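Engineer: Provided herewith is a single structure, encoded as structure tokens, for subsequent inquiry.
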Amino acid sequence: MMGFRKDPFCGLLVYICIGLCFASQCFADEVSADQTAQLTVNASDAAGRPIPETLFGIFFEEINHAGTGGLWAELVSNRGFEAGGPNIPSNIDPWTIIGDETHLNVSTERSSCFSRNIIALRMDVLCDASGANTCPDGGVGVYNPGFWGMNIEKGKTYKVLFYVKALGSLNLTVSLTGSSGQPTLAIANVIASASGVSDWSKMEVLLEAEDTNHNSRLQLTSTQEGTIWLDQVSAMPLDTYKGHGFRTDLMNMLLEMKPRFLRFPGGCFVEGEWLRNAFRWKETVGPWEERPGHFGDVWMYWTDDGLGHFEFLQLAEDLGAAPIWVFNNGISHQDQVTTSSVLPFVQEALDGIEFARGSTDSKWGALRAAMGHPEPFDLKYVAVGNEDCGKKNYLGNYLKFYGAIKAAYPDIGIISNCDGSSKPLDHPADFYDYHVYTSASDLFSRYHTFDKTPRSPKVFVSEYAVTGKDAGRGSLLAALGEAGFLLGIEKNSDAVSMASYAPLFVNSNDRRWNPDAIVFNSSHLYGTPSYWMQLFFSESSGATVLDTTLEAGSSSSVVASAILWKNSKDNKEYIRIKAVNFGSSSVKLNITVNGLDPNSLSGSSKTVLTSTKVMDENSFGQPNKVVPVLSLLKAAGNDMDAVLSPYSFTSFDLLKKSSSIKVLGSDDSSSRSSI
Ligand code: AHR
């Protein structure tokens with residue numbers, strides 16, 4: 001049988017093949033295996049160690065247009081006309097003029113009503129509705145194509161907001177159209193008297209789309225002679241996640257991961273190539289119209305900063321994830337401030353923490369409240385910079401931040417950029433960053449990396465991924481290398497407290513970094529195998545890692561683990577055994593689970609991530625080529641024989657106790673079963 005399946009695995013939203021494993025179809029002994037391994041799991045109540053609640057989370061960086069033109073649902077690119085810089089005349093890209101110079105003059109002026117983003121657009125409309133210089137059909141003006149086309153969907157409503165000023169009365173047409181200006185998907189006229197628009201006025205229009213077009217644009221046009229100034233033009237779908245501005249389809253992909261933390265907003269994005277272009281949180285809060293925006297000079301694109309410090313904290317809250325704020329520590333890729341002049345940066349970090357969790361009487365807590373969130377955000381972790389360890393001023397600067405933050409907020413966990421996994425840190429820290437981008441076989445072999453590292457301070461694997469040739473644009477091979485590494489993290493979760501893949505998102509029109517977990521364009525999206533592999537770990541945070549012994553040859557390509565976790569939906573306990581076969585031969589895995597009631601294993605399932613070729617990838621055309629496939633297990637017991645296909649990841653979810661369900665074939669459940 002085929003269908004959608006949400007439980008008992010992990011709420012997958014993909015097409016998943018479900019089949020009862022009937023004897024003739026999938027018993028292990030039907031398949032010949034080249035190697036054998038024995039996995040023994042101790043499932044007695046006394047065995048096992050609690051896994052940190054925060055173990056698996058996500059790292060969101062503004063890279064690859066992940067936020068701007070991605071998770072942040074704003075459709076207009078360069079909404080304040082600031083991306084060309086503060087000088088005039090400036091470049092208004094991607095805004096484009098509709099009409100020629102006989103009908104229209106378009107220029108930029110430093111005349112906005114917003115002092116922090118002073119550029120406004122001026123349109124001198126030379127033509128009129130009739131007379132010697134009649135405007136072309138549809139009028140003249142400007143259009144914005146969004147981020148490689150706007151996704152406009154039939155029946156959905158879009159809120160268009162803008163600021164306008166005019167000499168004389170205003171008759172402006174606001175429309176959503178196809179990429180050539182046709183067809184019209186939604187349209188409205190904004191009409192105002194001369195006195196109504198003699199000074200800057202805010203206008204709001206709701207447009208309901210009559211048709212769907214994934215490559216649309218927003219037009220502002222007129223057929224009336226006169227002068228019009230425009231600024232801060234925004235178009236947002238009404239149906240963002242909880243009305244908080246996040247694109248719902250991308251948000252749902254994140255929710256499926258059940259992330260326990262959100263590291264934000266970078267990455268190199270936090271550092272900047274130069275300090276003047278680094279992410280500075282104070283420029284990203286308050287009314288969106290007043291935010292200056294900035295050019296991220298590492299990933300080379302402009303962002304209006306609609307997705308700012310507040311929105312990142314809101315995102316974490318909406319995901320049920322602990323926010324982990326990475327701030328600039330006075331160091332970029334190319335320049336840095338000395339420790340003797342770092343105090344303004346320290347104050348900026350303290351103010352950013354106050355913004356997140358200060359009382360509404362505090363300066364920055366009051367701004368948070370004014371933005372709609374009087375309750376504090378649950379900010380408990382901050383990272384002092386990104387990948388800056390070893391730079392000349394890092395240690396000196398770090399110690400200033402550490403001292404000031406611990407004095408003001410003793411409970412906040414502070415993350416150092418210096419890797420303490422191979423030698424002890426020479427400075428105080430609660431956590432240290434560990435980043436790894438490498439080949440699939442190297443990452444797989446890092447299953448053992450944390451076996452012998454000190455258990456304190458804790459490790460934060462804040463960026464890991466297989467990159468290069470093995471990764472393609474997100475291959476099965478990459479996911480399997482990462483799976484081996486994650487099983488090692490799970491095993492060593494008394495040393496590693498948190499782990500996140502990187503990067504999370506890529507807009508396929510701006511693939512600055514490859515590979516990425518979730519690929520999207522204006523309207524479509526899919527998870528790479530690395531995304532799906534992470535879902536196998538979505539129940540691990542806060543679970544119990546069980547004692548396991550794997551007996552396999554020294555050259556074995558298999559690693560495995562077992563956890564005990566509680567499914568909050570059915571309130572039942574499951575044992576999840578995960579095994580990755582990183583080799584090209586199938587492996588017969590004999591599984592023995594000690595400490596279980598032999599009659600308690602019904603309601604169990606098996607989920608496999610594999611494909612016909614190890615370099616297989618998903619794509620917009622084939623989004624589900626490499627996705628987990630779930631089958632219900634008819635026979636499960638204390639002793640089971642399974643076959644791990646070549647290059648595969650398998651999880652067995654065994655219901656630990658079930659008094660109400662009669663085990664199929666339970667009469668002989670003490671004997672070995674093939675699963
Ligand atoms: O994840 C992409 C980049 O890789 C991050 O910005 C940086 O921290 C790392 O070098």
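Letters A, B, ... go to the chains of the structure tokens in the order shown; residues in each chain start at 1; ligands are counted from 1 in the same order.
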Using only C-alpha atoms and all ligand atoms, find each residue with an atom at most 6 Å away from ligand 1 and format the answer as an MDAnalysis selection string.
Structural biologist: chainID A and resid 266:268 386 502:503
Engineer: What does the file look like for those residues with all heavy atoms, as a PDB file, in the first residue's frame?
Structural biologist:
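The new file out_21.pdb reads:
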ATOM      1  N   GLY A 266      24.832  33.828  11.518  1.00  0.00           N
ATOM      2  CA  GLY A 266      25.972  33.311  10.736  1.00  0.00           C
ATOM      3  C   GLY A 266      26.979  32.808  11.731  1.00  0.00           C
ATOM      4  O   GLY A 266      26.760  32.931  12.937  1.00  0.00           O
ATOM      5  N   GLY A 267      28.039  32.235  11.273  1.00  0.00           N
ATOM      6  CA  GLY A 267      28.644  32.263   9.975  1.00  0.00           C
ATOM      7  C   GLY A 267      29.420  33.564   9.667  1.00  0.00           C
ATOM      8  O   GLY A 267      29.484  34.530  10.433  1.00  0.00           O
ATOM      9  N   CYS A 268      30.042  33.443   8.532  1.00  0.00           N
ATOM     10  CA  CYS A 268      30.817  34.569   8.007  1.00  0.00           C
ATOM     11  C   CYS A 268      29.958  35.822   7.885  1.00  0.00           C
ATOM     12  O   CYS A 268      30.483  36.943   7.898  1.00  0.00           O
ATOM     13  CB  CYS A 268      31.400  34.204   6.646  1.00  0.00           C
ATOM     14  SG  CYS A 268      32.528  32.824   6.715  1.00  0.00           S
ATOM     15  N   ASN A 386      32.725  34.155  15.035  1.00  0.00           N
ATOM     16  CA  ASN A 386      32.657  32.941  14.218  1.00  0.00           C
ATOM     17  C   ASN A 386      34.011  32.691  13.574  1.00  0.00           C
ATOM     18  O   ASN A 386      34.545  33.575  12.895  1.00  0.00           O
ATOM     19  CB  ASN A 386      31.606  33.119  13.110  1.00  0.00           C
ATOM     20  CG  ASN A 386      31.610  31.945  12.150  1.00  0.00           C
ATOM     21  OD1 ASN A 386      31.237  30.838  12.529  1.00  0.00           O
ATOM     22  ND2 ASN A 386      32.044  32.174  10.917  1.00  0.00           N
ATOM     23  N   ALA A 502      25.493  22.545   8.175  1.00  0.00           N
ATOM     24  CA  ALA A 502      25.570  23.859   7.506  1.00  0.00           C
ATOM     25  C   ALA A 502      25.930  23.690   6.036  1.00  0.00           C
ATOM     26  O   ALA A 502      26.670  22.780   5.692  1.00  0.00           O
ATOM     27  CB  ALA A 502      26.619  24.724   8.189  1.00  0.00           C
ATOM     28  N   PRO A 503      25.450  24.631   5.206  1.00  0.00           N
ATOM     29  CA  PRO A 503      24.366  25.567   5.472  1.00  0.00           C
ATOM     30  C   PRO A 503      22.987  24.900   5.365  1.00  0.00           C
ATOM     31  O   PRO A 503      22.822  23.865   4.730  1.00  0.00           O
ATOM     32  CB  PRO A 503      24.524  26.622   4.386  1.00  0.00           C
ATOM     33  CG  PRO A 503      25.900  26.473   3.833  1.00  0.00           C
ATOM     34  CD  PRO A 503      26.177  25.002   3.970  1.00  0.00           C
TER      35      PRO A 503
END
Engineer: Name the residues of region 392-639 of chain A that come out as strand (DSSP E) in a backbone DSSP run; write them as number ranges by chain.
Structural biologist: A: 413-416, 431-438, 458-466, 496-501, 505-507, 518-520, 525-527, 544-545, 547-551, 558-567, 572-581, 587-594, 605-609, 629-632, 639
Engineer: Leaving out Tyr434 (chain A) and any residue of its chain fewer than 5 positions from it, which residues lie within 10 Å of it when counting only C-alpha atoms, given as a PDB file with N, CA and C atoms, in the first residue's frame?
Structural biologist:
ATOM      1  N   GLU A 387      34.562  31.539  13.807  1.00  0.00           N
ATOM      2  CA  GLU A 387      35.822  31.113  13.176  1.00  0.00           C
ATOM      3  C   GLU A 387      36.927  32.169  13.318  1.00  0.00           C
ATOM      4  N   SER A 416      33.118  29.710  22.796  1.00  0.00           N
ATOM      5  CA  SER A 416      34.390  30.193  22.232  1.00  0.00           C
ATOM      6  C   SER A 416      34.560  29.630  20.817  1.00  0.00           C
ATOM      7  N   ASN A 417      35.290  30.357  19.981  1.00  0.00           N
ATOM      8  CA  ASN A 417      35.581  29.869  18.622  1.00  0.00           C
ATOM      9  C   ASN A 417      36.744  28.879  18.596  1.00  0.00           C
ATOM     10  N   CYS A 418      37.424  28.696  19.729  1.00  0.00           N
ATOM     11  CA  CYS A 418      38.642  27.873  19.704  1.00  0.00           C
ATOM     12  C   CYS A 418      38.315  26.405  19.962  1.00  0.00           C
ATOM     13  N   ASP A 419      38.799  25.552  19.109  1.00  0.00           N
ATOM     14  CA  ASP A 419      38.515  24.118  19.174  1.00  0.00           C
ATOM     15  C   ASP A 419      39.308  23.483  20.319  1.00  0.00           C
ATOM     16  N   GLY A 420      38.595  22.994  21.307  1.00  0.00           N
ATOM     17  CA  GLY A 420      39.270  22.363  22.447  1.00  0.00           C
ATOM     18  C   GLY A 420      39.242  20.852  22.368  1.00  0.00           C
ATOM     19  N   SER A 421      38.976  20.298  21.185  1.00  0.00           N
ATOM     20  CA  SER A 421      38.844  18.836  21.115  1.00  0.00           C
ATOM     21  C   SER A 421      40.204  18.142  21.122  1.00  0.00           C
ATOM     22  N   VAL A 459      31.358  20.478  23.776  1.00  0.00           N
ATOM     23  CA  VAL A 459      31.578  20.733  22.351  1.00  0.00           C
ATOM     24  C   VAL A 459      30.273  21.200  21.701  1.00  0.00           C
ATOM     25  N   PHE A 460      30.379  22.221  20.869  1.00  0.00           N
ATOM     26  CA  PHE A 460      29.255  22.639  20.030  1.00  0.00           C
ATOM     27  C   PHE A 460      29.714  22.442  18.583  1.00  0.00           C
ATOM     28  N   VAL A 461      29.231  21.366  17.972  1.00  0.00           N
ATOM     29  CA  VAL A 461      29.544  21.129  16.557  1.00  0.00           C
ATOM     30  C   VAL A 461      28.597  22.033  15.772  1.00  0.00           C
ATOM     31  N   SER A 462      28.989  23.284  15.623  1.00  0.00           N
ATOM     32  CA  SER A 462      28.016  24.250  15.083  1.00  0.00           C
ATOM     33  C   SER A 462      27.980  24.253  13.559  1.00  0.00           C
ATOM     34  N   GLU A 463      28.934  23.606  12.902  1.00  0.00           N
ATOM     35  CA  GLU A 463      28.869  23.466  11.439  1.00  0.00           C
ATOM     36  C   GLU A 463      29.546  22.159  11.053  1.00  0.00           C
ATOM     37  N   TYR A 464      28.820  21.309  10.344  1.00  0.00           N
ATOM     38  CA  TYR A 464      29.447  20.110   9.789  1.00  0.00           C
ATOM     39  C   TYR A 464      28.778  19.814   8.457  1.00  0.00           C
ATOM     40  N   VAL A 496      29.604  16.221  23.645  1.00  0.00           N
ATOM     41  CA  VAL A 496      29.027  17.128  22.647  1.00  0.00           C
ATOM     42  C   VAL A 496      27.615  17.488  23.095  1.00  0.00           C
ATOM     43  N   ALA A 499      24.746  20.062  18.007  1.00  0.00           N
ATOM     44  CA  ALA A 499      25.314  19.833  16.673  1.00  0.00           C
ATOM     45  C   ALA A 499      24.344  20.342  15.616  1.00  0.00           C
TER      46      ALA A 499
END
Engineer: Which one of A:Asp211, A:Asp137, A:Glu311, A:Glu74 sits closest to Met150 (chain A) if you count only C-alpha atoms?
Structural biologist: A:Glu74
Engineer: Pull the alpha helix (DSSP H) assignments for region 412-607 of chain A out of DSSP run on the backbone, and list those residues as a ChimeraX atom specification.
Structural biologist: /A:440-445,476-491,529-535
Engineer: Given only C-alpha atoms, how would the per-residue table for region 50-109 of chain A near region 254-264 of chain A read, listing every residue at most 12 Å away with its closest atom pair and distance in Å to one decimal, sorted by chain and number, as CSV?
Structural biologist:
residue,atom,partner,partner_atom,distance
A:Pro52,CA,A:Arg260,CA,9.8
A:Glu53,CA,A:Arg260,CA,7.0
A:Thr54,CA,A:Arg260,CA,5.0
A:Leu55,CA,A:Arg260,CA,7.0
A:Phe56,CA,A:Arg260,CA,5.9
A:Gly57,CA,A:Pro259,CA,4.1
A:Ile58,CA,A:Leu262,CA,5.1
A:Phe59,CA,A:Arg263,CA,4.6
A:Phe60,CA,A:Phe264,CA,5.2
A:Glu61,CA,A:Phe264,CA,6.0
A:Glu62,CA,A:Phe264,CA,8.5
A:Ile63,CA,A:Phe264,CA,11.3
A:Ala66,CA,A:Phe264,CA,11.8
A:Gly67,CA,A:Phe264,CA,11.1
A:Leu71,CA,A:Leu254,CA,10.3
Engineer: Kindly save the residues from that selection, with N, CA, C and O atoms included, as an mmCIF file, in the first residue's frame.
Structural biologist:
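After the write, out01.cif holds the following:
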data_model
loop_
_atom_site.group_PDB
_atom_site.id
_atom_site.type_symbol
_atom_site.label_atom_id
_atom_site.label_comp_id
_atom_site.auth_asym_id
_atom_site.auth_seq_id
_atom_site.Cartn_x
_atom_site.Cartn_y
_atom_site.Cartn_z
ATOM 1 N N PRO A 52 21.649 15.225 25.967
ATOM 2 C CA PRO A 52 21.223 16.612 26.235
ATOM 3 C C PRO A 52 19.960 16.976 25.439
ATOM 4 O O PRO A 52 19.802 16.561 24.292
ATOM 5 N N GLU A 53 19.117 17.781 26.074
ATOM 6 C CA GLU A 53 17.871 18.235 25.422
ATOM 7 C C GLU A 53 18.154 19.019 24.149
ATOM 8 O O GLU A 53 17.310 19.136 23.268
ATOM 9 N N THR A 54 19.355 19.590 24.099
ATOM 10 C CA THR A 54 19.687 20.501 22.988
ATOM 11 C C THR A 54 20.488 19.824 21.883
ATOM 12 O O THR A 54 21.012 20.517 21.014
ATOM 13 N N LEU A 55 20.636 18.508 21.892
ATOM 14 C CA LEU A 55 21.706 17.931 21.062
ATOM 15 C C LEU A 55 21.615 18.307 19.583
ATOM 16 O O LEU A 55 22.595 18.736 18.994
ATOM 17 N N PHE A 56 20.441 18.159 18.987
ATOM 18 C CA PHE A 56 20.388 18.433 17.544
ATOM 19 C C PHE A 56 19.532 19.665 17.256
ATOM 20 O O PHE A 56 18.387 19.766 17.686
ATOM 21 N N GLY A 57 20.118 20.590 16.527
ATOM 22 C CA GLY A 57 19.430 21.825 16.186
ATOM 23 C C GLY A 57 19.789 22.253 14.784
ATOM 24 O O GLY A 57 20.251 21.438 13.968
ATOM 25 N N ILE A 58 19.586 23.534 14.501
ATOM 26 C CA ILE A 58 19.870 24.037 13.152
ATOM 27 C C ILE A 58 20.690 25.318 13.240
ATOM 28 O O ILE A 58 20.630 26.047 14.225
ATOM 29 N N PHE A 59 21.409 25.536 12.153
ATOM 30 C CA PHE A 59 22.211 26.756 12.030
ATOM 31 C C PHE A 59 21.679 27.531 10.832
ATOM 32 O O PHE A 59 21.788 27.075 9.695
ATOM 33 N N PHE A 60 21.090 28.680 11.113
ATOM 34 C CA PHE A 60 20.588 29.524 10.026
ATOM 35 C C PHE A 60 21.595 30.631 9.773
ATOM 36 O O PHE A 60 21.876 31.434 10.656
ATOM 37 N N GLU A 61 22.072 30.679 8.535
ATOM 38 C CA GLU A 61 22.935 31.795 8.134
ATOM 39 C C GLU A 61 22.289 32.514 6.959
ATOM 40 O O GLU A 61 21.696 31.879 6.069
ATOM 41 N N GLU A 62 22.454 33.839 6.944
ATOM 42 C CA GLU A 62 22.021 34.595 5.759
ATOM 43 C C GLU A 62 23.092 34.381 4.689
ATOM 44 O O GLU A 62 24.060 35.132 4.580
ATOM 45 N N ILE A 63 22.928 33.317 3.950
ATOM 46 C CA ILE A 63 23.850 32.890 2.897
ATOM 47 C C ILE A 63 22.967 32.287 1.809
ATOM 48 O O ILE A 63 21.874 31.783 2.115
ATOM 49 N N ALA A 66 19.223 32.738 1.874
ATOM 50 C CA ALA A 66 18.452 31.865 2.764
ATOM 51 C C ALA A 66 17.292 32.600 3.427
ATOM 52 O O ALA A 66 16.196 32.051 3.586
ATOM 53 N N GLY A 67 17.553 33.848 3.817
ATOM 54 C CA GLY A 67 16.521 34.625 4.504
ATOM 55 C C GLY A 67 15.896 35.631 3.568
ATOM 56 O O GLY A 67 14.693 35.599 3.280
ATOM 57 N N LEU A 71 13.444 32.360 3.528
ATOM 58 C CA LEU A 71 12.540 32.141 4.668
ATOM 59 C C LEU A 71 11.741 33.396 5.009
ATOM 60 O O LEU A 71 10.592 33.308 5.432
#
Engineer: Please identify all polymer residues within 7 Å of region 577-581 of chain A, counting only C-alpha atoms, omitting same-chain residues fewer than 3 positions from it, and present them as a PyMOL selection string.
Structural biologist: chain A and resi 480+483-484+557-563+644+646-653
Engineer: Generate a file of the selected residues that holds N, CA, C and O atoms, formatted as a PDB file, in the first residue's frame.
Structural biologist:
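The resulting result_10.pdb:
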ATOM      1  N   LEU A 480      25.481   9.822   4.129  1.00  0.00           N
ATOM      2  CA  LEU A 480      25.936   8.646   4.884  1.00  0.00           C
ATOM      3  C   LEU A 480      27.217   8.961   5.663  1.00  0.00           C
ATOM      4  O   LEU A 480      27.391   8.492   6.797  1.00  0.00           O
ATOM      5  N   ALA A 483      26.062  10.760   8.569  1.00  0.00           N
ATOM      6  CA  ALA A 483      25.360   9.887   9.515  1.00  0.00           C
ATOM      7  C   ALA A 483      26.355   9.215  10.459  1.00  0.00           C
ATOM      8  O   ALA A 483      26.118   9.117  11.674  1.00  0.00           O
ATOM      9  N   GLY A 484      27.492   8.740   9.908  1.00  0.00           N
ATOM     10  CA  GLY A 484      28.506   8.114  10.759  1.00  0.00           C
ATOM     11  C   GLY A 484      28.997   9.091  11.826  1.00  0.00           C
ATOM     12  O   GLY A 484      29.137   8.742  13.004  1.00  0.00           O
ATOM     13  N   SER A 557      32.222  -1.449   7.480  1.00  0.00           N
ATOM     14  CA  SER A 557      31.681  -0.179   7.008  1.00  0.00           C
ATOM     15  C   SER A 557      30.432   0.205   7.790  1.00  0.00           C
ATOM     16  O   SER A 557      29.701   1.093   7.381  1.00  0.00           O
ATOM     17  N   VAL A 558      30.200  -0.496   8.909  1.00  0.00           N
ATOM     18  CA  VAL A 558      28.951  -0.267   9.647  1.00  0.00           C
ATOM     19  C   VAL A 558      29.242   0.402  10.983  1.00  0.00           C
ATOM     20  O   VAL A 558      30.177   0.034  11.683  1.00  0.00           O
ATOM     21  N   VAL A 559      28.441   1.432  11.306  1.00  0.00           N
ATOM     22  CA  VAL A 559      28.372   1.895  12.696  1.00  0.00           C
ATOM     23  C   VAL A 559      26.894   1.979  13.069  1.00  0.00           C
ATOM     24  O   VAL A 559      26.025   2.124  12.200  1.00  0.00           O
ATOM     25  N   ALA A 560      26.644   1.851  14.373  1.00  0.00           N
ATOM     26  CA  ALA A 560      25.245   1.771  14.817  1.00  0.00           C
ATOM     27  C   ALA A 560      25.109   2.365  16.207  1.00  0.00           C
ATOM     28  O   ALA A 560      26.093   2.525  16.929  1.00  0.00           O
ATOM     29  N   SER A 561      23.876   2.707  16.559  1.00  0.00           N
ATOM     30  CA  SER A 561      23.597   3.185  17.911  1.00  0.00           C
ATOM     31  C   SER A 561      22.163   2.821  18.255  1.00  0.00           C
ATOM     32  O   SER A 561      21.382   2.409  17.385  1.00  0.00           O
ATOM     33  N   ALA A 562      21.801   2.995  19.524  1.00  0.00           N
ATOM     34  CA  ALA A 562      20.411   2.764  19.932  1.00  0.00           C
ATOM     35  C   ALA A 562      20.030   3.796  20.975  1.00  0.00           C
ATOM     36  O   ALA A 562      20.834   4.141  21.845  1.00  0.00           O
ATOM     37  N   ILE A 563      18.826   4.299  20.845  1.00  0.00           N
ATOM     38  CA  ILE A 563      18.307   5.232  21.854  1.00  0.00           C
ATOM     39  C   ILE A 563      16.938   4.749  22.317  1.00  0.00           C
ATOM     40  O   ILE A 563      16.243   3.996  21.604  1.00  0.00           O
ATOM     41  N   LEU A 644      21.465  -4.829   5.927  1.00  0.00           N
ATOM     42  CA  LEU A 644      21.696  -3.414   5.604  1.00  0.00           C
ATOM     43  C   LEU A 644      22.175  -3.360   4.161  1.00  0.00           C
ATOM     44  O   LEU A 644      23.237  -3.904   3.830  1.00  0.00           O
ATOM     45  N   PRO A 646      23.775  -2.045   0.651  1.00  0.00           N
ATOM     46  CA  PRO A 646      24.964  -1.221   0.414  1.00  0.00           C
ATOM     47  C   PRO A 646      24.578   0.259   0.476  1.00  0.00           C
ATOM     48  O   PRO A 646      23.483   0.639   0.054  1.00  0.00           O
ATOM     49  N   TYR A 647      25.443   1.061   0.985  1.00  0.00           N
ATOM     50  CA  TYR A 647      25.242   2.514   1.078  1.00  0.00           C
ATOM     51  C   TYR A 647      23.816   2.853   1.545  1.00  0.00           C
ATOM     52  O   TYR A 647      22.980   3.328   0.766  1.00  0.00           O
ATOM     53  N   SER A 648      23.579   2.564   2.781  1.00  0.00           N
ATOM     54  CA  SER A 648      22.221   2.802   3.298  1.00  0.00           C
ATOM     55  C   SER A 648      22.268   3.263   4.754  1.00  0.00           C
ATOM     56  O   SER A 648      23.243   3.020   5.469  1.00  0.00           O
ATOM     57  N   PHE A 649      21.195   3.896   5.143  1.00  0.00           N
ATOM     58  CA  PHE A 649      20.985   4.257   6.546  1.00  0.00           C
ATOM     59  C   PHE A 649      19.655   3.644   6.941  1.00  0.00           C
ATOM     60  O   PHE A 649      18.653   3.813   6.236  1.00  0.00           O
ATOM     61  N   THR A 650      19.641   2.915   8.045  1.00  0.00           N
ATOM     62  CA  THR A 650      18.409   2.231   8.459  1.00  0.00           C
ATOM     63  C   THR A 650      18.118   2.549   9.907  1.00  0.00           C
ATOM     64  O   THR A 650      19.034   2.589  10.733  1.00  0.00           O
ATOM     65  N   SER A 651      16.846   2.761  10.182  1.00  0.00           N
ATOM     66  CA  SER A 651      16.464   2.856  11.591  1.00  0.00           C
ATOM     67  C   SER A 651      15.349   1.867  11.861  1.00  0.00           C
ATOM     68  O   SER A 651      14.433   1.701  11.050  1.00  0.00           O
ATOM     69  N   PHE A 652      15.468   1.196  12.982  1.00  0.00           N
ATOM     70  CA  PHE A 652      14.440   0.260  13.436  1.00  0.00           C
ATOM     71  C   PHE A 652      13.801   0.889  14.660  1.00  0.00           C
ATOM     72  O   PHE A 652      14.485   1.157  15.648  1.00  0.00           O
ATOM     73  N   ASP A 653      12.516   1.156  14.578  1.00  0.00           N
ATOM     74  CA  ASP A 653      11.794   1.691  15.733  1.00  0.00           C
ATOM     75  C   ASP A 653      10.990   0.571  16.341  1.00  0.00           C
ATOM     76  O   ASP A 653      10.013   0.093  15.740  1.00  0.00           O
TER      77      ASP A 653
END
Engineer: Quick check, in Å to one decimal: how far apart do CA of Gly621 (chain A) and CA of Tyr158 (chain A) lie?
Structural biologist: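 Pair CA of Gly621 (chain A) / CA of Tyr158 (chain A) returns 28.1 Å.
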Engineer: Using only C-alpha atoms, which residue out of A:Asn509, A:Ser175, A:Ser541, A:Asn492 lies closest to His65 (chain A)?
Structural biologist: A:Asn509
Engineer: Show me, as a PDB file with N, CA and C atoms, in the first residue's frame, the residues that have an atom within 7 Å of Asn213 (chain A) when counting only C-alpha atoms, minus same-chain residues fewer than 5 positions from it.
Structural biologist:
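As a result, result_39.pdb now contains:
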ATOM      1  N   ASN A 151       6.353  34.456  -6.225  1.00  0.00           N
ATOM      2  CA  ASN A 151       5.378  33.365  -6.296  1.00  0.00           C
ATOM      3  C   ASN A 151       4.021  33.904  -5.870  1.00  0.00           C
ATOM      4  N   ILE A 152       3.122  34.060  -6.836  1.00  0.00           N
ATOM      5  CA  ILE A 152       1.777  34.564  -6.541  1.00  0.00           C
ATOM      6  C   ILE A 152       0.804  33.411  -6.775  1.00  0.00           C
ATOM      7  N   GLU A 153      -0.038  33.152  -5.780  1.00  0.00           N
ATOM      8  CA  GLU A 153      -0.904  31.982  -5.865  1.00  0.00           C
ATOM      9  C   GLU A 153      -2.376  32.375  -5.815  1.00  0.00           C
ATOM     10  N   GLY A 178       2.329  38.793 -14.485  1.00  0.00           N
ATOM     11  CA  GLY A 178       3.341  37.860 -14.954  1.00  0.00           C
ATOM     12  C   GLY A 178       4.650  38.586 -15.232  1.00  0.00           C
TER      13      GLY A 178
END
Engineer: Just checking: using only C-alpha atoms, which residue out of A:Glu271, A:Glu617, A:Asp305, A:Glu317 ends up closest to Asp470 (chain A)?
Structural biologist: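 Closest residue, counting only C-alpha atoms: A:Glu617.
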Engineer: So the first atom is CA of Met533 (chain A) and the second is CA of Leu443 (chain A); what is the distance between them in Å, to one decimal place?
Structural biologist: 14.3 Å
Engineer: Using only C-alpha atoms, which protein or nucleic acid residues come within 8 Å of Lys572 (chain A)? Drop anything in the same chain fewer than 4 positions from it, and give the result as number ranges by chain.
Structural biologist: A: 566-568, 655-657
